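Visitor: start25.tsv is the file, holding TSV, N, CA and C atoms and all ligand atoms:
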```
chain	number	residue	atom	x	y	z
A	930	MET	N	94.87	99.72	133.71
A	930	MET	CA	94.42	98.97	132.57
A	930	MET	C	93.75	99.91	131.57
A	931	GLY	N	93.64	99.42	130.37
A	931	GLY	CA	93.07	100.24	129.32
A	931	GLY	C	91.56	100.22	129.32
A	932	LYS	N	91.03	100.64	128.26
A	932	LYS	CA	89.59	100.77	128.17
A	932	LYS	C	88.91	99.43	127.95
A	933	PHE	N	89.61	98.56	127.19
A	933	PHE	CA	89.02	97.28	126.85
A	933	PHE	C	89.81	96.14	127.48
A	934	PRO	N	89.20	95.43	128.41
A	934	PRO	CA	89.89	94.30	129.07
A	934	PRO	C	90.38	93.27	128.08
A	935	VAL	N	89.62	93.03	127.05
A	935	VAL	CA	90.01	92.03	126.05
A	935	VAL	C	91.27	92.47	125.34
A	936	ALA	N	91.33	93.75	125.05
A	936	ALA	CA	92.50	94.29	124.37
A	936	ALA	C	93.72	94.20	125.28
A	937	ASP	N	93.52	94.48	126.57
A	937	ASP	CA	94.63	94.40	127.50
A	937	ASP	C	95.17	92.98	127.58
A	938	ALA	N	94.25	92.03	127.61
A	938	ALA	CA	94.67	90.63	127.68
A	938	ALA	C	95.43	90.25	126.42
A	939	ALA	N	94.97	90.74	125.30
A	939	ALA	CA	95.63	90.43	124.05
A	939	ALA	C	97.02	91.04	124.01
A	940	MET	N	97.16	92.20	124.58
A	940	MET	CA	98.46	92.87	124.61
A	940	MET	C	99.48	92.03	125.36
A	941	LEU	N	99.02	91.42	126.46
A	941	LEU	CA	99.95	90.66	127.28
A	941	LEU	C	100.33	89.34	126.62
A	942	LYS	N	99.57	88.97	125.60
A	942	LYS	CA	99.89	87.71	124.92
A	942	LYS	C	100.96	87.89	123.86
A	943	VAL	N	101.34	89.13	123.66
A	943	VAL	CA	102.35	89.40	122.64
A	943	VAL	C	103.70	89.64	123.27
A	944	TRP	N	104.68	88.94	122.80
A	944	TRP	CA	106.04	89.15	123.25
A	944	TRP	C	106.82	89.77	122.10
A	945	VAL	N	107.69	90.68	122.47
A	945	VAL	CA	108.43	91.39	121.44
A	945	VAL	C	109.91	91.03	121.51
A	946	CYS	N	110.48	90.80	120.35
A	946	CYS	CA	111.90	90.48	120.28
A	946	CYS	C	112.71	91.74	120.54
A	947	LYS	N	113.70	91.62	121.41
A	947	LYS	CA	114.53	92.78	121.72
A	947	LYS	C	115.49	93.09	120.58
A	948	LYS	N	115.66	92.13	119.74
A	948	LYS	CA	116.66	92.27	118.69
A	948	LYS	C	116.05	92.90	117.43
A	949	CYS	N	114.96	92.30	116.96
A	949	CYS	CA	114.37	92.79	115.72
A	949	CYS	C	112.97	93.36	115.93
A	950	LYS	N	112.50	93.30	117.16
A	950	LYS	CA	111.19	93.88	117.52
A	950	LYS	C	110.02	93.21	116.82
A	951	ALA	N	110.22	91.99	116.44
A	951	ALA	CA	109.10	91.25	115.86
A	951	ALA	C	108.17	90.80	116.98
A	952	ARG	N	106.91	90.71	116.66
A	952	ARG	CA	105.95	90.24	117.66
A	952	ARG	C	105.88	88.72	117.62
A	953	ASN	N	105.85	88.13	118.79
A	953	ASN	CA	105.82	86.68	118.89
A	953	ASN	C	104.70	86.24	119.82
A	954	PRO	N	104.26	85.00	119.71
A	954	PRO	CA	103.27	84.47	120.64
A	954	PRO	C	103.85	84.45	122.05
A	955	ALA	N	102.98	84.54	123.03
A	955	ALA	CA	103.42	84.56	124.42
A	955	ALA	C	104.26	83.33	124.75
A	956	HIS	N	105.24	83.54	125.58
A	956	HIS	CA	106.13	82.49	126.07
A	956	HIS	C	106.88	81.79	124.95
A	957	SER	N	107.14	82.52	123.90
A	957	SER	CA	107.97	81.97	122.85
A	957	SER	C	109.40	81.82	123.36
A	958	LYS	N	110.04	80.81	122.93
A	958	LYS	CA	111.43	80.61	123.35
A	958	LYS	C	112.38	81.33	122.40
A	959	THR	N	111.98	81.36	121.15
A	959	THR	CA	112.81	82.06	120.17
A	959	THR	C	111.95	82.94	119.28
A	960	CYS	N	112.56	83.95	118.74
A	960	CYS	CA	111.85	84.84	117.84
A	960	CYS	C	111.57	84.11	116.53
A	961	ARG	N	110.39	84.34	116.00
A	961	ARG	CA	110.02	83.65	114.76
A	961	ARG	C	110.72	84.26	113.56
A	962	LYS	N	111.28	85.42	113.76
A	962	LYS	CA	111.85	86.14	112.63
A	962	LYS	C	113.37	85.98	112.58
A	963	CYS	N	114.02	86.31	113.70
A	963	CYS	CA	115.48	86.28	113.72
A	963	CYS	C	116.00	85.12	114.55
A	964	PHE	N	115.09	84.36	115.17
A	964	PHE	CA	115.46	83.20	115.99
A	964	PHE	C	116.29	83.59	117.21
A	965	GLY	N	116.25	84.85	117.56
A	965	GLY	CA	116.92	85.29	118.77
A	965	GLY	C	116.14	84.86	120.00
A	966	SER	N	116.78	84.80	121.13
A	966	SER	CA	116.12	84.32	122.34
A	966	SER	C	115.84	85.45	123.32
A	967	HIS	N	116.05	86.68	122.89
A	967	HIS	CA	115.81	87.80	123.79
A	967	HIS	C	114.42	88.38	123.55
A	968	LEU	N	113.48	87.82	124.24
A	968	LEU	CA	112.10	88.28	124.10
A	968	LEU	C	111.63	88.91	125.40
A	969	ARG	N	110.74	89.86	125.26
A	969	ARG	CA	110.15	90.47	126.44
A	969	ARG	C	108.66	90.61	126.21
A	970	PRO	N	107.87	90.54	127.31
A	970	PRO	CA	106.44	90.76	127.15
A	970	PRO	C	106.18	92.19	126.72
A	971	LYS	N	105.21	92.37	125.87
A	971	LYS	CA	104.87	93.71	125.42
A	971	LYS	C	104.05	94.37	126.51
A	972	ARG	N	104.72	95.14	127.34
A	972	ARG	CA	104.02	95.70	128.48
A	972	ARG	C	104.50	97.09	128.84
A	973	GLN	N	105.49	97.56	128.14
A	973	GLN	CA	106.03	98.87	128.48
A	973	GLN	C	105.06	99.97	128.10
A	974	ARG	N	104.22	100.29	129.03
A	974	ARG	CA	103.25	101.34	128.76
A	974	ARG	C	103.57	102.58	129.60
A	975	LYS	N	103.28	103.70	129.06
A	975	LYS	CA	103.51	104.96	129.78
A	975	LYS	C	102.27	105.32	130.57
A	976	LYS	N	102.21	106.53	131.01
A	976	LYS	CA	101.07	106.97	131.79
A	976	LYS	C	99.78	106.85	130.98
A	977	GLU	N	98.73	106.53	131.69
A	977	GLU	CA	97.43	106.48	131.05
A	977	GLU	C	97.01	107.89	130.67
A	978	THR	N	96.59	108.06	129.46
A	978	THR	CA	96.11	109.38	129.06
A	978	THR	C	94.66	109.54	129.45
A	979	LYS	N	94.39	110.66	130.01
A	979	LYS	CA	93.02	110.91	130.43
A	979	LYS	C	92.15	111.27	129.23
A	980	GLY	N	90.97	110.65	129.22
A	980	GLY	CA	90.07	110.82	128.11
A	980	GLY	C	89.60	112.23	127.94
B	1	ZN	ZN	113.78	88.75	116.50
```
Let's see the structure in the file written out as structure tokens.
Guide:
Amino acid sequence: MGKFPVADAAMLKVWVCKKCKARNPAHSKTCRKCFGSHLRPKRQRKKETKG
């Protein structure tokens, strides 16, 4: 997890459209921008960088 728990929670509430990469509210059925249905949770994080 990151430095700020609140920020981490907020990150998980964002879903990203695979088609146009627009950010959508969590558990959206369709993208608000392109109306595509291919959404994924914004969670693809790499290694934690050491401070
Ligand atoms: Zn979209």
Visitor: Could you give me, as a Markdown table, a per-residue list for chain A showing, wherever an atom lies at most 9 Å from an atom of ligand ZN 1 (chain B), the closest pair of atoms and their distance in Å to one decimal, using only C-alpha atoms and all ligand atoms and sorting by chain then residue number from low to high?
Guide:
```
| residue | atom | partner | partner_atom | distance |
| --- | --- | --- | --- | --- |
| A:Val945 | CA | B:ZN1 | ZN | 7.7 |
| A:Cys946 | CA | B:ZN1 | ZN | 4.6 |
| A:Lys947 | CA | B:ZN1 | ZN | 6.6 |
| A:Lys948 | CA | B:ZN1 | ZN | 5.0 |
| A:Cys949 | CA | B:ZN1 | ZN | 4.2 |
| A:Lys950 | CA | B:ZN1 | ZN | 5.8 |
| A:Ala951 | CA | B:ZN1 | ZN | 5.3 |
| A:Arg952 | CA | B:ZN1 | ZN | 8.1 |
| A:Asn953 | CA | B:ZN1 | ZN | 8.6 |
| A:Thr959 | CA | B:ZN1 | ZN | 7.7 |
| A:Cys960 | CA | B:ZN1 | ZN | 4.6 |
| A:Arg961 | CA | B:ZN1 | ZN | 6.6 |
| A:Lys962 | CA | B:ZN1 | ZN | 5.1 |
| A:Cys963 | CA | B:ZN1 | ZN | 4.1 |
| A:Phe964 | CA | B:ZN1 | ZN | 5.8 |
| A:Gly965 | CA | B:ZN1 | ZN | 5.2 |
| A:Ser966 | CA | B:ZN1 | ZN | 7.7 |
| A:His967 | CA | B:ZN1 | ZN | 7.6 |
| A:Leu968 | CA | B:ZN1 | ZN | 7.8 |
```
Visitor: Any idea what's packed within 5 Å of Lys942 of chain A, counting all atoms listed in the file, ignoring anything in its chain fewer than 4 positions away? Could you give it as a list in words?
Guide: Ala938, Pro954 and Ala955 of chain A
Visitor: Calculate how many Å separate atom CA of Phe933 of chain A from atom C of Lys958 of chain A, rounding to one decimal.
Guide: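 Computed distance, atom CA of Phe933 of chain A to atom C of Lys958 of chain A, equals 28.6 Å.
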Visitor: For Arg969 of chain A, which residue among A:Ser957, A:Ala939, A:Gly931, A:Trp944 is the nearest when counting only C-alpha atoms?
Guide: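 Residue with the minimum atom-to-atom distance to Arg969 of chain A: A:Trp944.
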Visitor: If DSSP is run on the backbone, what residues of chain A are strand (DSSP E)? A reply as a list in words would be ideal.
Guide: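 Going through chain A, the strand (DSSP E) residues come out as Val943, Trp944, Val945, Cys946, Arg952, Asn953, Pro954, Leu968, Arg969 and Pro970 of chain A.
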Visitor: Between atom CA of Lys932 of chain A and atom N of His956 of chain A, what is the distance, to one decimal in Å?
Guide: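 Computed distance, atom CA of Lys932 of chain A to atom N of His956 of chain A, equals 23.4 Å.
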Visitor: Suppose you want the space between atom N of Ala936 of chain A and atom N of Lys971 of chain A; what is it in Å?
Guide: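 Between atom N of Ala936 of chain A and atom N of Lys971 of chain A the gap works out to 14.0 Å.
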